file data.cif (mmCIF, C-alpha atoms and all ligand atoms)
data_entry
#
loop_
_atom_site.label_atom_id
_atom_site.label_comp_id
_atom_site.auth_asym_id
_atom_site.auth_seq_id
_atom_site.Cartn_x
_atom_site.Cartn_y
_atom_site.Cartn_z
CA MET R 474 3.45 95.17 35.14
CA LYS R 475 6.45 92.88 34.82
CA LEU R 476 9.81 92.73 36.54
CA VAL R 477 12.58 91.99 34.07
CA PHE R 478 16.06 90.81 35.02
CA ALA R 479 18.46 91.08 32.08
CA ILE R 480 21.97 89.67 32.46
CA VAL R 481 24.18 91.28 29.83
CA GLN R 482 27.86 91.52 29.07
CA ASP R 483 29.64 94.54 30.51
CA ALA R 484 30.62 95.56 26.95
CA ASP R 485 26.93 96.01 26.04
CA ALA R 486 25.68 97.51 29.29
CA THR R 487 26.38 101.20 28.66
CA ALA R 488 24.81 101.19 25.19
CA LEU R 489 21.79 99.25 26.45
CA ILE R 490 21.16 101.58 29.39
CA ARG R 491 21.43 104.56 27.03
CA ALA R 492 18.95 103.00 24.60
CA LEU R 493 16.56 102.15 27.44
CA SER R 494 16.70 105.67 28.84
CA GLU R 495 16.12 107.19 25.41
CA HIS R 496 12.94 105.10 25.23
CA ALA R 497 11.86 106.17 28.73
CA PHE R 498 12.39 102.80 30.41
CA GLU R 499 13.41 102.95 34.04
CA VAL R 500 16.32 100.75 34.98
CA THR R 501 18.54 99.80 37.90
CA LYS R 502 22.01 98.45 37.20
CA LEU R 503 23.73 95.86 39.38
CA ALA R 504 27.30 94.58 39.06
CA SER R 505 27.18 90.78 38.92
CA THR R 506 29.43 87.80 38.25
CA GLY R 507 28.73 84.77 36.07
CA GLY R 508 29.04 81.51 37.96
CA PHE R 509 30.59 79.63 35.02
CA LEU R 510 33.19 82.06 33.65
CA ARG R 511 33.51 83.84 37.02
CA GLU R 512 33.81 87.11 35.18
CA GLY R 513 31.93 90.32 35.75
CA ASN R 514 28.68 90.91 33.95
CA THR R 515 25.82 93.34 34.42
CA THR R 516 22.33 92.63 35.71
CA LEU R 517 19.64 95.17 34.87
CA ILE R 518 16.38 95.27 36.81
CA MET R 519 13.45 96.88 35.05
CA GLY R 520 9.87 97.33 36.13
CA VAL R 521 7.90 97.68 32.89
CA PRO R 522 4.24 97.94 31.94
CA ASP R 523 2.95 94.73 30.27
CA GLU R 524 2.29 96.51 27.00
CA ARG R 525 5.92 97.69 26.73
CA LEU R 526 7.56 94.30 27.32
CA GLU R 527 7.95 93.44 23.62
CA GLU R 528 9.47 96.87 22.93
CA LEU R 529 11.96 96.26 25.73
CA LYS R 530 12.90 92.82 24.37
CA ARG R 531 13.39 94.33 20.92
CA LEU R 532 15.83 96.93 22.29
CA VAL R 533 17.82 94.26 24.15
CA ARG R 534 18.03 92.13 21.00
CA GLN R 535 19.20 95.14 18.96
CA VAL R 536 21.98 96.14 21.34
CA CYS R 537 23.33 92.96 22.97
CA ARG R 538 25.82 90.92 20.98
CA SER R 539 26.66 87.26 21.16
CA ARG R 540 30.36 86.66 21.74
CA THR R 541 32.57 83.66 22.38
CA ARG R 542 35.15 83.08 25.10
CA LEU R 543 37.91 80.47 24.96
CA VAL R 544 37.92 78.32 28.07
CA THR R 545 40.23 75.47 29.01
CA PRO R 546 38.13 72.82 30.75
CA GLY R 547 39.19 72.05 34.31
CA VAL R 548 41.35 75.17 34.69
CA PRO R 549 40.05 78.13 36.73
CA ILE R 550 39.44 81.05 34.38
CA ALA R 551 41.80 83.34 36.33
CA GLU R 552 44.67 80.90 35.81
CA GLN R 553 44.15 80.41 32.10
CA SER R 554 47.10 81.55 29.99
CA GLU R 555 49.51 80.21 27.36
CA PRO R 556 50.55 77.47 27.14
CA PHE R 557 47.15 75.83 27.45
CA LEU R 558 47.08 72.78 29.65
CA GLY R 559 44.13 71.28 27.78
CA GLU R 560 42.27 71.76 24.55
CA PRO R 561 40.45 75.12 24.80
CA VAL R 562 36.79 75.17 23.89
CA GLU R 563 34.69 78.06 22.70
CA VAL R 564 31.88 79.11 25.03
CA PRO R 565 29.12 81.32 23.61
CA VAL R 566 28.06 84.22 25.85
CA GLY R 567 24.96 86.36 25.39
CA GLY R 568 23.38 88.44 23.75
CA ALA R 569 21.36 88.56 26.99
CA VAL R 570 19.71 86.23 29.48
CA MET R 571 16.30 87.53 30.55
CA PHE R 572 13.86 86.58 33.28
CA VAL R 573 10.36 88.06 33.26
CA LEU R 574 8.31 87.91 36.46
CA GLY R 575 4.85 89.11 37.37
CA ILE R 576 4.63 91.91 39.94
CA ASP R 577 1.98 91.90 42.66
CA GLU R 578 2.56 95.50 43.60
CA PHE R 579 4.73 98.42 42.47
CA PHE R 580 4.81 101.66 44.40
CA LYS R 581 7.14 104.47 45.40
CA VAL R 582 7.02 106.14 48.81
P1 LIG P 1 28.34 82.58 33.14
O1 LIG P 1 27.76 81.73 34.20
O2 LIG P 1 29.73 83.10 33.33
O3 LIG P 1 28.24 81.76 31.77
C1 LIG P 1 28.83 82.22 30.57
C2 LIG P 1 28.47 81.30 29.42
O4 LIG P 1 29.02 80.00 29.67
C3 LIG P 1 26.96 81.09 29.27
O5 LIG P 1 26.45 82.10 28.43
C4 LIG P 1 26.87 79.70 28.66
O6 LIG P 1 27.02 79.73 27.23
C5 LIG P 1 28.10 79.00 29.23
N1 LIG P 1 27.77 78.19 30.41
C6 LIG P 1 27.28 78.60 31.59
N2 LIG P 1 27.15 77.59 32.47
C7 LIG P 1 27.59 76.49 31.82
C8 LIG P 1 27.73 75.11 32.19
N3 LIG P 1 27.38 74.68 33.43
N4 LIG P 1 28.24 74.24 31.26
C9 LIG P 1 28.60 74.67 30.02
N5 LIG P 1 28.50 75.98 29.61
C10 LIG P 1 27.99 76.87 30.49
P2 LIG P 1 24.96 82.63 28.64
O7 LIG P 1 24.02 81.47 28.68
O8 LIG P 1 24.73 83.67 27.59
O9 LIG P 1 24.92 83.28 30.09
C11 LIG P 1 25.55 84.52 30.38
C12 LIG P 1 25.47 84.79 31.86
O10 LIG P 1 24.08 84.87 32.23
C13 LIG P 1 26.02 83.67 32.73
O11 LIG P 1 27.42 83.87 32.90
C14 LIG P 1 25.24 83.86 34.04
O12 LIG P 1 25.78 84.97 34.79
C15 LIG P 1 23.89 84.30 33.53
N6 LIG P 1 22.95 83.17 33.40
C16 LIG P 1 22.73 82.40 32.31
N7 LIG P 1 21.77 81.49 32.55
C17 LIG P 1 21.36 81.70 33.83
C18 LIG P 1 20.36 81.09 34.67
N8 LIG P 1 19.59 80.07 34.25
N9 LIG P 1 20.22 81.56 35.93
C19 LIG P 1 20.98 82.58 36.38
N10 LIG P 1 21.93 83.22 35.64
C20 LIG P 1 22.12 82.77 34.37
P1 LIG P 2 17.56 106.52 38.54
O1 LIG P 2 17.30 105.69 37.32
O2 LIG P 2 18.90 107.15 38.65
O3 LIG P 2 16.42 107.66 38.54
C1 LIG P 2 16.42 108.77 39.45
C2 LIG P 2 15.16 109.56 39.29
O4 LIG P 2 15.10 110.11 37.95
C3 LIG P 2 13.89 108.72 39.44
O5 LIG P 2 13.56 108.66 40.80
C4 LIG P 2 12.88 109.45 38.57
O6 LIG P 2 12.29 110.52 39.27
C5 LIG P 2 13.76 110.02 37.46
N1 LIG P 2 13.75 109.16 36.25
C6 LIG P 2 14.35 107.97 36.11
N2 LIG P 2 14.18 107.47 34.87
C7 LIG P 2 13.43 108.37 34.20
C8 LIG P 2 12.94 108.44 32.86
N3 LIG P 2 13.16 107.47 31.97
N4 LIG P 2 12.22 109.53 32.53
C9 LIG P 2 11.99 110.53 33.42
N5 LIG P 2 12.46 110.51 34.70
C10 LIG P 2 13.17 109.46 35.08
P2 LIG P 2 12.77 107.40 41.39
O7 LIG P 2 11.56 107.16 40.54
O8 LIG P 2 12.54 107.65 42.85
O9 LIG P 2 13.75 106.16 41.22
C11 LIG P 2 14.90 105.98 42.01
C12 LIG P 2 15.71 104.81 41.50
O10 LIG P 2 14.90 103.62 41.58
C13 LIG P 2 16.08 104.94 40.02
O11 LIG P 2 17.31 105.66 39.86
C14 LIG P 2 16.21 103.49 39.60
O12 LIG P 2 17.50 102.99 40.03
C15 LIG P 2 15.15 102.79 40.46
N6 LIG P 2 13.89 102.61 39.71
C16 LIG P 2 12.81 103.40 39.74
N7 LIG P 2 11.83 102.91 38.97
C17 LIG P 2 12.29 101.75 38.47
C18 LIG P 2 11.75 100.76 37.60
N8 LIG P 2 10.50 100.87 37.05
N9 LIG P 2 12.51 99.70 37.27
C19 LIG P 2 13.75 99.57 37.78
N10 LIG P 2 14.33 100.47 38.59
C20 LIG P 2 13.60 101.55 38.95
#
call {"tool": "encode", "arguments": {"input": "data.cif", "output": "structure tokens", "more": "lines below"}}
Ligand code: 2BA
Ligand code: 2BA
result
Amino acid sequence: MKLVFAIVQDADATALIRALSEHAFEVTKLASTGGFLREGNTTLIMGVPDERLEELKRLVRQVCRSRTRLVTPGVPIAEQSEPFLGEPVEVPVGGAVMFVLGIDEFFKV
């Protein structure tokens, strides 16, 4: 069994959780914040059998989109508005960032 952390954009989270549930994956959703953009994102925790890991990755790839955000270097994201103080740069975000860990034990009491 593996423990998967998937950090996804909020805009993709609902559709991904629906797709996961339809395919009988169990999932726990956490509200999280990206350290760079300092904006909300969603972290999903999933305990999955080894043999279903590729299926899970496929679903994440199908649902999660890559997007870009305009960021002005050196200016806190919350304070960014027109007129820009510096030259804005495009930052790619997502589809999804995934961590896959081995599990020593999984049980419910
Ligand atoms: P954020 O930290 O808000 O980062 C948003 C996007 O900004 C990242 O997209 C990446 O393209 C860019 N970025 C992040 N840190 C940067 C830096 N120091 N310099 C230049 N550009 C930077 P993604 O890579 O798709 O990451 C999306 C979110 O996934 C991140 O949001 C963060 O919450 C999480 N994440 C990504 N890599 C991680 C890691 N190694 N460990 C923990 N969380 C991670
Ligand atoms: P929920 O996802 O809201 O699930 C509540 C209960 O609904 C579960 O209780 C289980 O009995 C049932 N259930 C969930 N997903 C199902 C599915 N795809 N098909 C059929 N029945 C399903 P618990 O098993 O006691 O789980 C309680 C909570 O623990 C879950 O809340 C979820 O947040 C977390 N969880 C359980 N197993 C997990 C796993 N493998 N990975 C990540 N989170 C898990």
call {"tool": "residues_near_ligand", "arguments": {"input": "data.cif", "ligand": "ligand LIG 2 (chain P)", "cutoff": "8 Å", "atoms": "all atoms listed in the file", "output": "MDAnalysis selection string"}}
result
chainID R and resid 476 493:502 517:521 581
call {"tool": "closest_residue", "arguments": {"input": "data.cif", "among": "R:Pro546, R:Pro565, R:Pro522, R:Gly559", "to": "ligand LIG 1 (chain P)", "atoms": "only C-alpha atoms and all ligand atoms"}}
result
R:Pro565
call {"tool": "closest_atom_pairs", "arguments": {"input": "data.cif", "of": "chain R", "to": "ligand LIG 1 (chain P)", "cutoff": "9 Å", "atoms": "only C-alpha atoms and all ligand atoms", "output": "JSON lines"}}
result
{"residue": "R:Ala479", "atom": "CA", "partner": "P:LIG1", "partner_atom": "O10", "distance": 8.4}
{"residue": "R:Ile480", "atom": "CA", "partner": "P:LIG1", "partner_atom": "O10", "distance": 5.2}
{"residue": "R:Val481", "atom": "CA", "partner": "P:LIG1", "partner_atom": "O10", "distance": 6.8}
{"residue": "R:Gln482", "atom": "CA", "partner": "P:LIG1", "partner_atom": "C11", "distance": 7.5}
{"residue": "R:Ser505", "atom": "CA", "partner": "P:LIG1", "partner_atom": "O12", "distance": 7.3}
{"residue": "R:Thr506", "atom": "CA", "partner": "P:LIG1", "partner_atom": "O12", "distance": 5.8}
{"residue": "R:Gly507", "atom": "CA", "partner": "P:LIG1", "partner_atom": "O12", "distance": 3.2}
{"residue": "R:Gly508", "atom": "CA", "partner": "P:LIG1", "partner_atom": "O1", "distance": 4.0}
{"residue": "R:Phe509", "atom": "CA", "partner": "P:LIG1", "partner_atom": "O1", "distance": 3.6}
{"residue": "R:Leu510", "atom": "CA", "partner": "P:LIG1", "partner_atom": "O2", "distance": 3.6}
{"residue": "R:Arg511", "atom": "CA", "partner": "P:LIG1", "partner_atom": "O2", "distance": 5.3}
{"residue": "R:Glu512", "atom": "CA", "partner": "P:LIG1", "partner_atom": "O2", "distance": 6.0}
{"residue": "R:Gly513", "atom": "CA", "partner": "P:LIG1", "partner_atom": "O2", "distance": 7.9}
{"residue": "R:Asn514", "atom": "CA", "partner": "P:LIG1", "partner_atom": "O12", "distance": 6.7}
{"residue": "R:Thr515", "atom": "CA", "partner": "P:LIG1", "partner_atom": "O12", "distance": 8.4}
{"residue": "R:Thr516", "atom": "CA", "partner": "P:LIG1", "partner_atom": "O12", "distance": 8.5}
{"residue": "R:Ser539", "atom": "CA", "partner": "P:LIG1", "partner_atom": "O8", "distance": 7.6}
{"residue": "R:Arg540", "atom": "CA", "partner": "P:LIG1", "partner_atom": "O8", "distance": 8.7}
{"residue": "R:Thr541", "atom": "CA", "partner": "P:LIG1", "partner_atom": "O6", "distance": 8.4}
{"residue": "R:Arg542", "atom": "CA", "partner": "P:LIG1", "partner_atom": "C2", "distance": 8.2}
{"residue": "R:Val564", "atom": "CA", "partner": "P:LIG1", "partner_atom": "O6", "distance": 5.4}
{"residue": "R:Pro565", "atom": "CA", "partner": "P:LIG1", "partner_atom": "O6", "distance": 4.5}
{"residue": "R:Val566", "atom": "CA", "partner": "P:LIG1", "partner_atom": "O5", "distance": 3.7}
{"residue": "R:Gly567", "atom": "CA", "partner": "P:LIG1", "partner_atom": "O8", "distance": 3.5}
{"residue": "R:Gly568", "atom": "CA", "partner": "P:LIG1", "partner_atom": "O8", "distance": 6.3}
{"residue": "R:Ala569", "atom": "CA", "partner": "P:LIG1", "partner_atom": "O8", "distance": 6.0}
{"residue": "R:Val570", "atom": "CA", "partner": "P:LIG1", "partner_atom": "O10", "distance": 5.3}
{"residue": "R:Met571", "atom": "CA", "partner": "P:LIG1", "partner_atom": "C17", "distance": 8.4}
{"residue": "R:Phe572", "atom": "CA", "partner": "P:LIG1", "partner_atom": "N9", "distance": 8.5}
call {"tool": "atom_distance", "arguments": {"input": "data.cif", "atom1": "atom CA of R:Thr487", "atom2": "atom CA of R:Lys475"}}
result
22.5 Å
call {"tool": "closest_residue", "arguments": {"input": "data.cif", "among": "R:Val562, R:Leu489, R:Glu578, R:Ala504", "to": "R:Arg531", "atoms": "all atoms listed in the file"}}
result
R:Leu489
call {"tool": "atom_distance", "arguments": {"input": "data.cif", "atom1": "atom CA of R:Lys530", "atom2": "atom CA of R:Phe478"}}
result
11.3 Å
call {"tool": "atom_distance", "arguments": {"input": "data.cif", "atom1": "atom CA of R:Leu532", "atom2": "atom CA of R:Ala492"}}
result
7.2 Å
